[in-house]
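Asker: entry37.txt is reproduced in full below (compact mmCIF, C-alpha atoms).
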# COMPACT_ATOMS: atom_id res chain seq x y z
CA MET A 1 225.49 -71.28 23.02
CA ILE A 2 225.63 -67.51 22.77
CA SER A 3 229.28 -66.51 22.51
CA LEU A 4 230.95 -64.34 25.13
CA SER A 5 231.76 -61.75 22.46
CA PHE A 6 228.04 -61.27 21.81
CA TRP A 7 227.37 -60.48 25.46
CA LYS A 8 230.22 -57.97 25.43
CA SER A 9 229.01 -56.29 22.23
CA LYS A 10 227.00 -53.06 22.06
CA GLU A 11 224.13 -54.96 20.40
CA SER A 12 223.49 -56.90 23.57
CA LEU A 13 223.38 -53.80 25.78
CA TRP A 14 219.57 -53.55 25.75
CA ILE A 15 219.26 -57.28 26.55
CA ARG A 16 221.55 -56.86 29.53
CA TRP A 17 219.53 -53.89 30.75
CA ALA A 18 216.28 -55.83 30.20
CA LEU A 19 217.65 -58.86 32.06
CA LEU A 20 218.66 -56.60 34.92
CA ALA A 21 215.45 -54.59 34.97
CA ALA A 22 212.94 -57.44 34.58
CA PRO A 23 213.67 -59.25 37.88
CA ALA A 24 213.85 -55.89 39.69
CA ILE A 25 210.46 -54.82 38.32
CA LEU A 26 208.91 -58.23 39.05
CA THR A 27 210.31 -58.18 42.59
CA ALA A 28 209.00 -54.66 43.20
CA VAL A 29 205.54 -55.57 41.86
CA SER A 30 205.44 -58.75 43.99
CA LEU A 31 206.49 -56.84 47.12
CA VAL A 32 203.83 -54.19 46.55
CA ALA A 33 201.20 -56.91 46.00
CA ALA A 34 202.36 -58.94 49.01
CA GLY A 35 202.33 -55.85 51.23
CA ARG A 36 198.67 -55.34 50.41
CA ASN A 37 197.31 -58.37 52.26
CA PRO A 38 193.63 -58.17 53.13
CA LYS A 39 192.93 -56.44 56.41
CA PRO A 40 189.67 -56.69 58.34
CA ALA A 41 188.59 -53.30 57.00
CA ASP A 42 189.60 -54.39 53.52
CA GLY A 43 187.26 -57.40 53.23
CA PRO A 44 184.42 -58.00 50.79
CA ALA A 45 182.67 -54.84 51.98
CA ALA A 46 185.51 -52.74 50.53
CA ARG A 47 184.96 -54.28 47.08
CA LEU A 48 181.21 -53.78 47.31
CA ALA A 49 181.90 -50.10 48.00
CA ASP A 50 183.73 -49.92 44.62
CA VAL A 51 180.57 -50.87 42.72
CA PRO A 52 179.41 -47.97 40.49
CA ARG A 53 175.93 -46.60 41.26
CA SER A 54 174.68 -47.56 37.78
CA ALA A 55 175.57 -51.22 38.42
CA ARG A 56 173.93 -51.32 41.87
CA SER A 57 170.50 -50.64 40.43
CA LEU A 58 170.66 -53.33 37.72
CA PRO A 59 167.62 -55.60 38.06
CA ASN A 60 168.06 -59.39 38.23
CA PRO A 61 166.24 -60.80 35.17
CA PHE A 62 165.88 -64.17 36.95
CA LYS A 63 164.62 -62.86 40.31
CA GLY A 64 162.53 -65.53 42.09
CA ASN A 65 162.99 -68.05 39.28
CA PRO A 66 163.65 -71.48 40.89
CA ARG A 67 165.04 -72.99 37.68
CA ALA A 68 167.56 -70.15 37.43
CA ALA A 69 168.52 -70.66 41.10
CA ALA A 70 169.04 -74.40 40.43
CA ALA A 71 171.23 -73.58 37.42
CA GLY A 72 173.08 -71.02 39.59
CA HIS A 73 173.69 -73.70 42.21
CA LYS A 74 175.23 -75.94 39.54
CA LEU A 75 177.45 -73.07 38.32
CA PHE A 76 178.41 -72.17 41.89
CA GLU A 77 179.61 -75.73 42.56
CA ARG A 78 181.56 -75.69 39.32
CA HIS A 79 183.26 -72.30 39.61
CA CYS A 80 183.07 -70.96 43.17
CA ALA A 81 182.89 -73.82 45.68
CA GLN A 82 186.62 -74.56 45.57
CA CYS A 83 187.28 -71.26 47.42
CA HIS A 84 183.95 -70.38 49.03
CA GLY A 85 183.08 -73.97 50.04
CA MET A 86 180.11 -76.08 49.01
CA ASP A 87 178.11 -74.39 51.81
CA ALA A 88 179.28 -70.90 50.64
CA ARG A 89 180.63 -70.06 54.12
CA GLY A 90 184.14 -69.40 52.73
CA ILE A 91 187.41 -71.31 53.03
CA GLY A 92 190.48 -69.50 54.37
CA SER A 93 190.39 -65.83 53.35
CA ALA A 94 187.52 -66.34 50.85
CA ALA A 95 184.37 -64.45 51.83
CA ASN A 96 181.40 -66.06 53.61
CA LEU A 97 178.67 -65.53 51.04
CA ARG A 98 175.96 -66.08 53.68
CA SER A 99 177.16 -63.10 55.73
CA PRO A 100 174.62 -60.25 56.19
CA GLY A 101 177.04 -57.85 54.44
CA ILE A 102 176.74 -59.86 51.25
CA GLN A 103 173.15 -61.10 51.59
CA ASP A 104 171.87 -57.53 52.05
CA THR A 105 173.78 -56.32 48.98
CA PRO A 106 171.71 -55.40 45.88
CA PRO A 107 171.81 -58.11 43.15
CA GLY A 108 173.37 -55.63 40.71
CA SER A 109 176.38 -55.18 43.04
CA LEU A 110 176.90 -58.95 43.29
CA PHE A 111 176.68 -59.22 39.51
CA TRP A 112 179.32 -56.47 39.14
CA VAL A 113 181.69 -58.17 41.62
CA LEU A 114 181.32 -61.51 39.82
CA ARG A 115 182.01 -59.88 36.46
CA ASN A 116 185.01 -57.81 37.65
CA GLY A 117 186.42 -60.13 40.29
CA ARG A 118 188.94 -58.90 42.77
CA ILE A 119 192.13 -59.96 41.10
CA ARG A 120 194.47 -58.09 43.46
CA ARG A 121 192.98 -60.16 46.32
CA GLY A 122 192.79 -63.49 44.47
CA MET A 123 189.20 -63.55 43.25
CA PRO A 124 189.17 -64.06 39.48
CA SER A 125 186.99 -62.13 37.07
CA TRP A 126 184.20 -64.28 35.63
CA SER A 127 183.68 -62.02 32.63
CA GLN A 128 184.26 -64.94 30.26
CA LEU A 129 180.94 -66.39 31.44
CA PRO A 130 177.83 -65.00 29.73
CA ASP A 131 175.82 -62.43 31.73
CA GLN A 132 172.91 -64.89 31.96
CA GLN A 133 175.05 -67.38 33.89
CA LEU A 134 176.32 -64.65 36.25
CA TRP A 135 172.71 -63.63 36.99
CA GLN A 136 171.83 -67.31 37.60
CA MET A 137 174.64 -67.42 40.20
CA VAL A 138 173.36 -64.21 41.81
CA THR A 139 169.86 -65.74 41.94
CA TYR A 140 171.28 -68.79 43.74
CA LEU A 141 173.31 -66.66 46.18
CA LYS A 142 170.15 -64.77 47.12
CA THR A 143 168.46 -68.06 48.12
CA LEU A 144 171.12 -68.81 50.77
CA LYS A 145 170.21 -68.37 54.41
CA LYS A 146 172.06 -65.69 56.32
CA SER A 147 174.85 -66.69 58.68
CA HIS A 148 176.43 -64.19 61.07
CA ARG A 149 180.01 -65.55 60.86
CA ASP A 150 182.05 -63.24 58.56
CA MET B 1 221.75 -90.87 18.87
CA VAL B 2 219.76 -94.11 19.42
CA LYS B 3 219.84 -93.50 23.20
CA ARG B 4 218.54 -89.94 22.78
CA ARG B 5 215.71 -91.19 20.56
CA ARG B 6 214.75 -93.82 23.13
CA LEU B 7 214.81 -91.21 25.87
CA ALA B 8 212.61 -88.87 23.81
CA ARG B 9 210.20 -91.74 23.06
CA ARG B 10 209.97 -92.65 26.77
CA LEU B 11 209.45 -89.00 27.73
CA PHE B 12 206.68 -88.72 25.14
CA LEU B 13 205.01 -91.90 26.47
CA ILE B 14 205.30 -90.74 30.10
CA ILE B 15 203.68 -87.41 29.22
CA CYS B 16 200.85 -89.22 27.36
CA LEU B 17 200.28 -91.63 30.28
CA ALA B 18 200.29 -88.79 32.81
CA ASP B 19 197.68 -87.00 30.72
CA ILE B 20 195.46 -90.10 30.54
CA LEU B 21 195.75 -90.57 34.33
CA TRP B 22 194.72 -86.99 34.92
CA ALA B 23 191.84 -87.48 32.47
CA VAL B 24 190.33 -90.33 34.48
CA SER B 25 190.86 -88.68 37.87
CA PRO B 26 187.49 -87.59 39.32
CA ARG B 27 188.69 -84.50 41.24
CA LEU B 28 189.50 -82.38 38.22
CA LEU B 29 187.62 -79.37 36.94
CA LYS B 30 187.22 -78.06 33.45
CA ALA B 31 189.15 -75.38 31.62
CA ASP B 32 187.65 -72.62 29.53
CA LYS B 33 189.96 -71.49 26.75
CA PRO B 34 188.65 -72.33 23.27
CA TYR B 35 191.68 -71.12 21.27
CA PHE B 36 194.97 -72.79 20.42
CA VAL B 37 197.14 -69.85 19.35
CA THR B 38 195.21 -66.76 20.44
CA TYR B 39 195.23 -65.75 24.11
CA ASP B 40 192.28 -64.10 25.80
CA ASP B 41 192.29 -62.15 29.08
CA GLU B 42 191.35 -65.12 31.22
CA MET B 43 193.87 -65.76 33.99
CA GLU B 44 194.28 -69.03 35.84
CA GLU B 45 192.56 -68.99 39.24
CA PRO B 46 195.13 -68.50 42.03
CA GLY B 47 196.53 -71.81 43.25
CA ASN B 48 195.02 -73.86 40.39
CA LEU B 49 197.14 -75.95 38.06
CA GLU B 50 195.94 -76.71 34.55
CA ILE B 51 197.60 -79.47 32.57
CA SER B 52 197.02 -79.42 28.85
CA PHE B 53 198.14 -81.74 26.06
CA ASN B 54 197.99 -80.20 22.58
CA PRO B 55 198.92 -82.45 19.67
CA LEU B 56 199.05 -81.03 16.17
CA LEU B 57 198.81 -83.13 13.01
CA GLY B 58 200.47 -81.35 10.08
CA LEU B 59 200.02 -82.22 6.43
CA PRO B 60 202.21 -79.78 4.52
CA GLN B 61 202.24 -80.05 0.72
CA THR B 62 206.03 -79.94 0.30
CA ALA B 63 207.23 -81.67 3.49
CA PRO B 64 206.63 -84.98 5.28
CA GLY B 65 203.59 -85.22 7.56
CA PHE B 66 204.29 -84.70 11.24
CA LEU B 67 202.76 -84.89 14.70
CA GLY B 68 203.94 -81.95 16.77
CA GLY B 69 202.65 -80.35 19.91
CA TRP B 70 203.21 -79.33 23.45
CA THR B 71 202.32 -80.26 27.00
CA GLU B 72 201.49 -77.26 29.12
CA PHE B 73 201.47 -76.69 32.89
CA GLU B 74 199.63 -73.47 33.76
CA TYR B 75 199.62 -72.19 37.32
CA GLY B 76 197.77 -69.24 38.83
CA ALA B 77 200.50 -67.60 40.91
CA ARG B 78 198.28 -64.60 41.78
CA GLY B 79 194.97 -63.32 40.52
CA TRP B 80 196.90 -60.95 38.23
CA TRP B 81 199.81 -63.28 37.36
CA THR B 82 199.69 -66.62 35.53
CA THR B 83 202.83 -68.62 34.80
CA GLU B 84 203.15 -71.53 32.36
CA PHE B 85 205.77 -74.10 31.48
CA TYR B 86 205.74 -75.97 28.17
CA LEU B 87 207.49 -79.08 26.88
CA ASP B 88 207.58 -79.41 23.08
CA ALA B 89 208.05 -82.59 21.06
CA GLN B 90 207.44 -83.79 17.52
CA ALA B 91 207.45 -86.89 15.36
CA THR B 92 208.02 -86.60 11.62
CA ARG B 93 207.14 -89.39 9.19
CA GLY B 94 210.26 -91.48 8.53
CA GLN B 95 212.44 -89.39 10.88
CA GLY B 96 211.44 -90.57 14.36
CA GLU B 97 210.33 -88.46 17.29
CA ILE B 98 212.36 -85.88 19.21
CA PHE B 99 212.05 -83.57 22.19
CA THR B 100 212.45 -80.06 20.80
CA GLY B 101 212.71 -77.83 23.86
CA TYR B 102 210.87 -75.94 26.56
CA ARG B 103 209.18 -72.59 27.02
CA TRP B 104 208.36 -70.54 30.11
CA GLU B 105 205.76 -67.79 29.88
CA ASN B 106 204.25 -65.25 32.24
CA ARG B 107 201.07 -63.25 31.79
CA PHE B 108 200.19 -60.14 33.76
CA HIS B 109 196.75 -58.57 34.08
CA PRO B 110 197.53 -54.92 34.88
CA LEU B 111 193.99 -53.55 35.38
CA ALA B 112 191.82 -54.34 38.40
CA ASN B 113 188.42 -54.05 36.70
CA GLU B 114 186.74 -55.32 33.55
CA HIS B 115 186.73 -52.87 30.62
CA TRP B 116 185.56 -52.84 27.01
CA ILE B 117 189.07 -53.89 26.02
CA ASN B 118 191.11 -55.78 28.61
CA PRO B 119 194.89 -55.77 28.13
CA VAL B 120 197.19 -58.56 29.30
CA LEU B 121 201.00 -58.40 29.02
CA TYR B 122 202.86 -61.54 28.04
CA VAL B 123 206.57 -62.39 28.30
CA GLU B 124 208.05 -65.75 27.32
CA PHE B 125 211.49 -67.32 27.18
CA GLU B 126 211.92 -70.12 24.65
CA ASN B 127 214.75 -72.61 24.48
CA THR B 128 213.90 -74.80 21.50
CA ASN B 129 215.67 -76.10 18.45
CA GLY B 130 214.94 -75.60 14.76
CA ALA B 131 213.02 -78.90 14.58
CA ASP B 132 210.23 -77.55 16.80
CA LYS B 133 206.88 -78.05 15.05
CA ALA B 134 204.50 -76.97 17.79
CA LEU B 135 203.46 -73.89 15.75
CA ALA B 136 202.36 -72.23 18.97
CA GLU B 137 202.61 -68.98 17.05
CA VAL B 138 203.60 -67.89 13.54
CA VAL B 139 205.97 -64.91 13.33
CA GLY B 140 208.29 -63.17 10.88
CA HIS B 141 208.73 -65.15 7.67
CA ASP B 142 208.00 -68.58 9.20
CA SER B 143 206.94 -70.75 6.26
CA VAL B 144 206.20 -74.30 5.13
CA ASP B 145 209.83 -74.55 3.92
CA ASP B 146 210.98 -74.57 7.57
CA LEU B 147 208.96 -77.77 8.07
CA ALA B 148 210.77 -79.52 5.20
CA VAL B 149 214.23 -79.38 6.85
CA PRO B 150 215.13 -82.90 8.10
CA ASN B 151 215.14 -83.31 11.89
CA SER B 152 218.81 -84.30 11.96
CA GLU B 153 219.73 -80.94 10.43
CA ALA B 154 217.06 -78.74 12.02
CA ARG B 155 217.77 -79.86 15.59
CA GLU B 156 221.30 -78.40 15.37
CA GLU B 157 219.82 -74.89 15.18
CA LYS B 158 219.39 -73.43 18.68
CA GLU B 159 216.56 -70.95 19.20
CA ARG B 160 216.79 -69.01 22.42
CA GLU B 161 214.14 -66.38 22.11
CA ILE B 162 212.27 -63.78 24.09
CA GLU B 163 208.66 -63.42 22.99
CA THR B 164 206.34 -60.63 24.01
CA LYS B 165 202.64 -60.27 23.32
CA LEU B 166 200.09 -57.57 23.83
CA ILE B 167 196.83 -59.40 24.44
CA LEU B 168 193.61 -57.42 24.00
CA SER B 169 190.35 -59.13 24.83
CA SER B 170 186.70 -58.11 24.99
CA ASN B 171 183.67 -59.96 26.34
CA TYR B 172 180.27 -58.80 25.11
CA LYS B 173 176.92 -60.61 25.22
CA GLY B 174 178.62 -64.01 25.48
CA TRP B 175 181.07 -63.29 22.65
CA ASN B 176 184.80 -63.19 23.26
CA ILE B 177 186.96 -61.30 20.78
CA SER B 178 190.71 -61.45 21.37
CA GLU B 179 193.59 -59.88 19.46
CA ASN B 180 197.28 -60.63 20.04
CA LEU B 181 200.22 -58.62 18.72
CA ILE B 182 203.39 -60.69 18.89
CA GLY B 183 207.05 -59.61 18.93
CA GLU B 184 209.77 -62.25 19.08
CA LYS B 185 213.53 -61.72 19.39
CA ASN B 186 216.13 -64.41 18.92
CA LEU B 187 218.90 -63.67 21.40
CA ALA B 188 221.52 -64.64 18.80
CA ASN B 189 221.44 -61.12 17.38
CA GLU B 190 218.60 -61.60 14.88
CA PRO B 191 216.02 -58.91 14.18
CA TRP B 192 212.63 -58.70 15.89
CA GLU B 193 209.96 -60.83 14.21
CA PHE B 194 206.30 -59.92 14.37
CA GLY B 195 203.03 -61.80 14.18
CA TYR B 196 199.36 -61.62 15.03
CA ALA B 197 196.53 -63.85 16.19
CA VAL B 198 192.82 -63.04 16.36
CA GLY B 199 190.09 -65.24 17.81
CA ILE B 200 186.34 -65.00 18.26
CA SER B 201 184.14 -67.46 20.14
CA ARG B 202 180.81 -67.89 21.90
CA PRO B 203 179.12 -70.62 23.96
CA LEU B 204 176.25 -72.30 22.09
CA ALA B 205 173.87 -71.46 24.97
CA LEU B 206 174.18 -68.37 27.16
CA ALA B 207 172.12 -69.56 30.14
CA ALA B 208 172.89 -72.77 32.02
CA SER B 209 170.31 -75.51 32.37
CA PRO B 210 169.33 -76.53 35.92
CA GLU B 211 169.88 -80.24 35.23
CA PRO B 212 173.36 -81.74 35.35
CA CYS B 213 174.44 -82.47 31.78
CA GLY B 214 177.59 -83.36 29.89
CA PHE B 215 176.70 -82.92 26.24
CA CYS B 216 174.53 -79.81 26.37
CA ARG B 217 174.89 -76.53 24.50
CA GLU B 218 176.15 -74.52 27.49
CA ASN B 219 179.24 -76.80 27.62
CA LEU B 220 180.09 -76.25 23.97
CA LYS B 221 181.88 -73.22 22.55
CA ALA B 222 182.41 -72.51 18.88
CA GLY B 223 184.45 -69.89 17.13
CA ALA B 224 187.33 -69.26 14.76
CA GLU B 225 190.88 -68.03 14.88
CA ILE B 226 193.27 -66.59 12.33
CA TYR B 227 197.00 -66.10 12.83
CA GLY B 228 200.14 -65.40 10.85
CA GLY B 229 203.41 -63.54 10.45
CA LEU B 230 203.96 -59.83 9.91
CA GLY B 231 207.59 -59.87 8.80
CA THR B 232 210.62 -58.62 10.66
CA TRP B 233 211.97 -55.31 11.92
CA HIS B 234 213.79 -54.77 8.59
CA GLN B 235 211.09 -56.22 6.30
CA PHE B 236 207.78 -55.48 8.00
CA GLY B 237 204.64 -56.46 6.10
CA LEU B 238 202.76 -59.39 4.61
CA PRO B 239 205.01 -60.45 1.68
CA GLY B 240 206.64 -63.84 2.34
CA THR B 241 204.57 -64.56 5.45
CA ALA B 242 202.35 -67.54 6.30
CA HIS B 243 198.73 -67.31 7.51
CA TYR B 244 196.26 -69.83 8.89
CA LEU B 245 192.52 -69.84 9.48
CA GLY B 246 190.35 -72.42 11.20
CA PRO B 247 187.21 -72.98 13.24
CA VAL B 248 187.60 -73.94 16.93
CA LEU B 249 185.25 -76.16 18.92
CA ASP B 250 185.55 -76.61 22.68
CA TRP B 251 183.67 -79.09 24.85
CA ASP B 252 183.91 -78.69 28.63
CA LEU B 253 182.80 -81.65 30.70
CA PRO B 254 181.34 -80.37 34.00
CA SER B 255 183.33 -82.75 36.21
CA GLY B 256 186.18 -83.62 33.93
CA PRO B 257 188.47 -82.54 31.17
CA SER B 258 187.96 -80.10 28.34
CA PHE B 259 188.39 -81.16 24.70
CA ARG B 260 189.20 -78.90 21.78
CA ILE B 261 189.65 -79.35 18.07
CA SER B 262 190.55 -77.02 15.23
CA PRO B 263 190.96 -78.09 11.60
CA THR B 264 193.09 -75.31 10.12
CA VAL B 265 193.93 -74.43 6.53
CA GLY B 266 196.92 -72.52 5.24
CA LEU B 267 195.85 -69.36 3.42
CA ASN B 268 198.77 -68.97 1.00
CA LYS B 269 201.68 -70.83 -0.56
CA ASN B 270 203.93 -70.05 2.42
CA SER B 271 201.59 -71.90 4.80
CA ALA B 272 201.27 -75.63 5.41
CA ARG B 273 198.27 -76.92 3.47
CA PHE B 274 196.36 -78.42 6.41
CA LEU B 275 196.76 -78.71 10.20
CA ILE B 276 194.52 -80.40 12.74
CA ARG B 277 194.95 -79.25 16.32
CA PHE B 278 193.62 -81.19 19.28
CA GLY B 279 193.62 -80.22 22.93
CA VAL B 280 192.82 -81.95 26.21
CA SER B 281 192.96 -79.83 29.39
CA TYR B 282 192.37 -80.61 33.02
CA GLU B 283 192.38 -78.29 35.96
CA ILE B 284 193.48 -79.29 39.46
CA PRO B 285 191.74 -76.91 41.85
CA ARG B 286 193.82 -75.40 44.67
CA PHE B 287 196.99 -77.26 43.76
CA ASP B 288 198.80 -75.00 46.25
CA ARG B 289 196.81 -76.57 49.11
CA VAL B 290 197.62 -80.07 47.84
CA ILE B 291 201.35 -79.23 47.87
CA ARG B 292 201.12 -77.62 51.33
CA ARG B 293 199.43 -80.77 52.67
CA TRP B 294 202.25 -82.95 51.30
CA PHE B 295 204.88 -80.95 53.21
CA ARG B 296 202.96 -80.55 56.45
Output the structure of this file as structure tokens.
Answerer:
Amino acid sequence: MISLSFWKSKESLWIRWALLAAPAILTAVSLVAAGRNPKPADGPAARLADVPRSARSLPNPFKGNPRAAAAGHKLFERHCAQCHGMDARGIGSAANLRSPGIQDTPPGSLFWVLRNGRIRRGMPSWSQLPDQQLWQMVTYLKTLKKSHRD
Amino acid sequence: MVKRRRLARRLFLIICLADILWAVSPRLLKADKPYFVTYDDEMEEPGNLEISFNPLLGLPQTAPGFLGGWTEFEYGARGWWTTEFYLDAQATRGQGEIFTGYRWENRFHPLANEHWINPVLYVEFENTNGADKALAEVVGHDSVDDLAVPNSEAREEKEREIETKLILSSNYKGWNISENLIGEKNLANEPWEFGYAVGISRPLALAASPEPCGFCRENLKAGAEIYGGLGTWHQFGLPGTAHYLGPVLDWDLPSGPSFRISPTVGLNKNSARFLIRFGVSYEIPRFDRVIRRWFR
């Protein structure tokens, strides 16, 4: 055990301050994050608006390739279906990937969102996956039929 | 003493059995991390729980062989916050097996977007004893001599430590390069100890195949990691420090666990001659929903 005299000593002063400050900082950060719950106007469209112009125009190297779409389907089931559902219509607050807002988005924007994620809103970044696999997922997403439920 | 040993043995067996049960469960997903010591910028998906069992076989030249390691429970609290709880145990040849303590770590991803270099901040509290042989990191003047102290003596030493890491990670053309700078402070008024870890890895195939497959190149990652101590606040530098280097190989089963292995060699006389690290990880998707359903 750490003796009482240690906690009273000057050497422990910074530890005491750190112990006091750490929960306060964590609480403040959590409150700020919790206060920023998604609002209707803050849905997937808001993230798509963040996409830089240079990324929007990126061409999909697998465009129209059925083998790439099949591989993308496999990757989607492995990485995305737990939140977006096997039918990609979204579970809970996760976006419906068949919605017109997403289906009409340029492939480069979808690639950018997959790579960067939306970590403040719970969507992880998939940057650890190679670019080829992200493009395969984009190719699959573009084969989905549109659904008008957001 | 005999009772404590029995308890530790039972705990060890329970942890092993729980891991095997999770391994055969069909609803688990794979994990991605190829490294054992180095951290990259990957955060756990919110609500997911990853359970990982990481045994380490140590063959030091001047100390008895041992089997150390940790069991890890990693939970994605938020997209930007991952929290982990560890249980450490070890068995040394001729000295029995003991539970050596626990660790609680938190990782924070401060930036919203992907950059060339992605920082992650890491804070951990450790409550272990001197017999801990998990070698989850090497700091200060940690050396092979620490592994030679008998368990009965080493376990009397209490190590309550705060550990901080600056994790820097880059992803480029399928390659991941991660660097960790480690600072560790024993709360019993000892100086800061420093260490480093660097890892590099890449999947064997960048594009996925359309067919379902278990043993295909896209599910295999290969790389290497190097880690070691950098001295203390008062004696910063390489003299008297231990360093390790080893290849890492990771195999992710598409509908099951992930397996890792890393045969590691000590790079100088302060290091253990040879270590073999193993890892089995399983991810339970949306564990938060499972818990909510239990209490509904």
Asker: Applying 8 Å and only C-alpha atoms, which residues near Lys185 in chain B remain after dropping the ones on its own chain fewer than 4 positions away? List them as a PDB file with C-alpha atoms, in the frame of the given file.
Answerer:
ATOM      1  CA  GLU B 161     214.140 -66.380  22.110  1.00  0.00           C
ATOM      2  CA  ILE B 162     212.270 -63.780  24.090  1.00  0.00           C
ATOM      3  CA  GLU B 163     208.660 -63.420  22.990  1.00  0.00           C
ATOM      4  CA  GLU B 190     218.600 -61.600  14.880  1.00  0.00           C
ATOM      5  CA  PRO B 191     216.020 -58.910  14.180  1.00  0.00           C
ATOM      6  CA  TRP B 192     212.630 -58.700  15.890  1.00  0.00           C
ATOM      7  CA  GLU B 193     209.960 -60.830  14.210  1.00  0.00           C
TER       8      GLU B 193
END
Asker: Compute the distance from (185.9, -65.0, 35.2) to each atom, counting all atoms listed in the file, keep the residues with any atom at most 8 Å away, and return them as a PyMOL selection string; use the coordinates of the file.
Answerer: (chain A and resi 114-117+124-129) or (chain B and resi 42)
Asker: Using only C-alpha atoms, which chain B residues lie at most 7 Å away from chain A, written as an mmCIF file with C-alpha atoms, in the coordinates of the input?
Answerer:
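Wrote result02.cif, looks like this:
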data_model
loop_
_atom_site.group_PDB
_atom_site.id
_atom_site.type_symbol
_atom_site.label_atom_id
_atom_site.label_comp_id
_atom_site.auth_asym_id
_atom_site.auth_seq_id
_atom_site.Cartn_x
_atom_site.Cartn_y
_atom_site.Cartn_z
ATOM 1 C CA GLU B 45 192.560 -68.990 39.240
ATOM 2 C CA PRO B 46 195.130 -68.500 42.030
ATOM 3 C CA ARG B 78 198.280 -64.600 41.780
ATOM 4 C CA GLY B 79 194.970 -63.320 40.520
ATOM 5 C CA TRP B 80 196.900 -60.950 38.230
ATOM 6 C CA ALA B 112 191.820 -54.340 38.400
ATOM 7 C CA ASN B 113 188.420 -54.050 36.700
ATOM 8 C CA GLU B 114 186.740 -55.320 33.550
ATOM 9 C CA ASN B 171 183.670 -59.960 26.340
ATOM 10 C CA LYS B 173 176.920 -60.610 25.220
ATOM 11 C CA GLY B 174 178.620 -64.010 25.480
ATOM 12 C CA ALA B 188 221.520 -64.640 18.800
ATOM 13 C CA LEU B 206 174.180 -68.370 27.160
ATOM 14 C CA ALA B 207 172.120 -69.560 30.140
ATOM 15 C CA ALA B 208 172.890 -72.770 32.020
ATOM 16 C CA SER B 209 170.310 -75.510 32.370
ATOM 17 C CA PRO B 210 169.330 -76.530 35.920
ATOM 18 C CA PRO B 285 191.740 -76.910 41.850
#
Asker: From the options B:His109, B:His234, B:Arg277, B:Arg202, which residue's atoms come nearest to Leu220 in chain B, counting only C-alpha atoms?
Answerer: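 Closest candidate: B:Arg202.
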Asker: Identify, on the basis of all atoms listed in the file, every residue whose closest approach to Ile261 in chain B does not exceed 8 Å; exclude the query and any residue fewer than 2 positions from it along the same chain; express the result as a VMD selection string.
Answerer: chain B and resid 248 to 250 259 263 276 to 279
Asker: Pick from B:Glu137, B:Glu50, B:Asp132, B:Glu225: nearest to Thr92 in chain B, with only C-alpha atoms counted?
Answerer: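 Going through B:Glu137, B:Glu50, B:Asp132, B:Glu225 one by one, the smallest distance to Thr92 in chain B is for B:Asp132.
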